[in-house]
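Data first, discussion second: the structure below is written as structure tokens.
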Amino acid sequence: MGKFIRYTFQVILGALFGAVCFMALSPALAAIFPVAEDGVGTSLAVLGIVLLIVAVAPSIRRALGRGFLLAGASVFALPLSTMMLSGRAFDTMNKDAEAAGQAMGGAEAAGAALGGVMMTGFAGFVGFFFGSILLIIGLVLALGGRRDVRVVA
């Protein structure tokens, strides 16, 4: 009965960490798949891979460590995801202007570029600090443990 409860808890942890990883990677998925229905399989794959890695851990401590490591890596990649999405938005604005038969103005291009830089900068700030914290917690939980040190004099 104890193993059943442990594995159930680890599956729940895997689903939670999978959702965090999906949220952190969602700007990149939105940039890669502009139509939402195209990215559903990839989104479920991210969730499933994280759930599987966390669920097969040998202990709850290691499961938490693996979850924090995967979430930290995903959050640490948040600036790259945001940069991809802002580039996609800039490209879409340019194509829409060309389709309407007019060129994208300098003010529009500067505004789109400035907005992309600001969002990428904010995501970089959040991703670096929060991702570093999650990675350190994950390393301590996944690699740490009791060490017996004996000093022989």
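Each chain of the structure tokens is named A, B, ... in the order shown, its residues numbered from 1; ligands are numbered from 1 in display order.
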Could you name the residues that touch Ala30 in chain A at 10 Å or less, counting only C-alpha atoms, but leaving out those on the same chain fewer than 3 positions away, as an mmCIF file with N, CA and C atoms, in the first residue's frame?
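Saved the output as selection.cif:
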data_model
loop_
_atom_site.group_PDB
_atom_site.id
_atom_site.type_symbol
_atom_site.label_atom_id
_atom_site.label_comp_id
_atom_site.auth_asym_id
_atom_site.auth_seq_id
_atom_site.Cartn_x
_atom_site.Cartn_y
_atom_site.Cartn_z
ATOM 1 N N LEU A 25 7.399 26.958 -21.350
ATOM 2 C CA LEU A 25 7.751 26.751 -22.757
ATOM 3 C C LEU A 25 6.641 27.169 -23.717
ATOM 4 N N SER A 26 5.518 27.640 -23.211
ATOM 5 C CA SER A 26 4.393 27.984 -24.080
ATOM 6 C C SER A 26 4.696 29.130 -25.047
ATOM 7 N N PRO A 27 5.508 30.152 -24.713
ATOM 8 C CA PRO A 27 5.820 31.140 -25.756
ATOM 9 C C PRO A 27 6.560 30.528 -26.950
ATOM 10 N N PHE A 33 4.222 26.919 -33.456
ATOM 11 C CA PHE A 33 2.926 26.515 -33.986
ATOM 12 C C PHE A 33 1.952 27.690 -33.883
ATOM 13 N N PRO A 34 1.795 28.486 -34.950
ATOM 14 C CA PRO A 34 0.908 29.648 -34.854
ATOM 15 C C PRO A 34 -0.561 29.273 -34.696
ATOM 16 N N VAL A 35 -0.962 28.105 -35.185
ATOM 17 C CA VAL A 35 -2.326 27.632 -34.985
ATOM 18 C C VAL A 35 -2.317 26.737 -33.753
ATOM 19 N N ALA A 36 -3.194 27.029 -32.806
ATOM 20 C CA ALA A 36 -3.154 26.352 -31.506
ATOM 21 C C ALA A 36 -3.335 24.842 -31.622
ATOM 22 N N ASP A 38 -2.218 22.817 -33.794
ATOM 23 C CA ASP A 38 -1.024 22.115 -34.263
ATOM 24 C C ASP A 38 -0.069 21.759 -33.124
ATOM 25 N N GLY A 39 -0.067 22.533 -32.052
ATOM 26 C CA GLY A 39 0.873 22.318 -30.960
ATOM 27 C C GLY A 39 0.345 21.473 -29.822
ATOM 28 N N SER A 81 12.346 31.614 -25.361
ATOM 29 C CA SER A 81 10.972 31.407 -25.802
ATOM 30 C C SER A 81 10.294 32.728 -26.115
ATOM 31 N N THR A 82 10.495 33.712 -25.263
ATOM 32 C CA THR A 82 9.873 35.017 -25.469
ATOM 33 C C THR A 82 10.468 35.714 -26.688
ATOM 34 N N MET A 84 11.606 34.217 -29.349
ATOM 35 C CA MET A 84 11.006 33.561 -30.507
ATOM 36 C C MET A 84 9.599 34.085 -30.773
ATOM 37 N N LEU A 85 8.817 34.258 -29.711
ATOM 38 C CA LEU A 85 7.445 34.727 -29.875
ATOM 39 C C LEU A 85 7.400 36.174 -30.344
ATOM 40 N N ARG A 88 8.161 36.218 -33.996
ATOM 41 C CA ARG A 88 7.000 35.744 -34.762
ATOM 42 C C ARG A 88 5.949 36.848 -34.876
#
Could you give me the residues within chain A that DSSP places in alpha helix (DSSP H), as number ranges by chain? A: 2-32, 40-55, 60-76, 78-99, 106-143
Which is closest to Ala28 in chain A among A:Gly48, A:Pro79, A:Gly67, A:Gly14, if we use only C-alpha atoms? A:Pro79
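Closest approach to Phe130 in chain A among A:Leu52, A:Met1, A:Leu64, A:Ala73: A:Ala73, based on only C-alpha atoms.
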Taking into account only C-alpha atoms, which residue in the set A:Phe128, A:Phe17, A:Phe68, A:Phe4 is nearest to Leu80 in chain A?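 Among A:Phe128, A:Phe17, A:Phe68, A:Phe4, it is A:Phe128 that comes nearest to Leu80 in chain A.
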Determine, counting only C-alpha atoms, which protein, DNA and RNA residues have an atom within 8 Å of an atom of range 140-144 of chain A; residues of the same chain fewer than 3 positions away are not included. Present the result as number ranges by chain. A: 61-66, 136-137
Take the residues from that selection and put them in a file with C-alpha atoms, as a PDB file, in the first residue's frame.
ATOM      1  CA  ARG A  61      13.017  13.330  -2.685  1.00  0.00           C
ATOM      2  CA  ARG A  62      14.542  12.385  -6.027  1.00  0.00           C
ATOM      3  CA  ALA A  63      11.177  12.943  -7.728  1.00  0.00           C
ATOM      4  CA  LEU A  64      11.030  16.460  -6.315  1.00  0.00           C
ATOM      5  CA  GLY A  65      14.629  17.034  -7.377  1.00  0.00           C
ATOM      6  CA  ARG A  66      13.966  15.895 -10.926  1.00  0.00           C
ATOM      7  CA  ILE A 136      19.695  24.982  -7.210  1.00  0.00           C
ATOM      8  CA  ILE A 137      16.759  23.459  -5.297  1.00  0.00           C
TER       9      ILE A 137
END
State, in Å with one decimal place, the distance from CA of Val54 in chain A to CA of Thr8 in chain A. 11.2 Å
Tell me which protein, DNA and RNA residues are within 12 Å of Lys3 in chain A, counting only C-alpha atoms, leaving out same-chain ones fewer than 4 positions away, and put them as a PDB file with C-alpha atoms, in the first residue's frame.
ATOM      1  CA  TYR A   7       3.753   6.380  -6.910  1.00  0.00           C
ATOM      2  CA  THR A   8       0.407   8.186  -6.870  1.00  0.00           C
ATOM      3  CA  PHE A   9       2.042  11.164  -5.176  1.00  0.00           C
ATOM      4  CA  GLN A  10       4.897  11.098  -7.696  1.00  0.00           C
ATOM      5  CA  ALA A  55       7.066   9.297 -11.713  1.00  0.00           C
ATOM      6  CA  VAL A  56       9.847   6.719 -12.128  1.00  0.00           C
ATOM      7  CA  PRO A  58      13.314   5.914  -6.794  1.00  0.00           C
ATOM      8  CA  SER A  59      12.128   8.180  -3.953  1.00  0.00           C
ATOM      9  CA  ILE A  60       9.938  11.200  -3.371  1.00  0.00           C
TER      10      ILE A  60
END
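Relative to CA of Phe76 in chain A, CA of Ile12 in chain A is found at 23.0 Å.
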Taking into account only C-alpha atoms, which residue in the set A:Phe129, A:Phe90, A:Phe22, A:Phe122 is nearest to Ala110 in chain A? A:Phe90
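For Gly127 in chain A, the residues within 9 Å (counting only C-alpha atoms, excluding itself and residues fewer than 5 positions away along the chain) are Ala24, Gly72, Ser74, Val75, Phe76, Ala77, Leu78, Pro79, Phe122 and Ser132 of chain A.
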If you keep C-alpha atoms, can you produce a file of those selected residues as a compact mmCIF listing (two decimals), in the first residue's frame?
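Output saved as again_5.txt:
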# COMPACT_ATOMS: atom_id res chain seq x y z
CA ALA A 24 7.37 28.18 -19.26
CA GLY A 72 14.28 25.22 -13.65
CA SER A 74 12.31 25.35 -18.68
CA VAL A 75 12.08 28.63 -16.77
CA PHE A 76 15.75 29.34 -17.49
CA ALA A 77 14.90 29.05 -21.22
CA LEU A 78 12.02 31.52 -20.90
CA PRO A 79 13.93 34.46 -22.49
CA PHE A 122 11.62 41.04 -18.49
CA SER A 132 18.48 29.63 -11.02
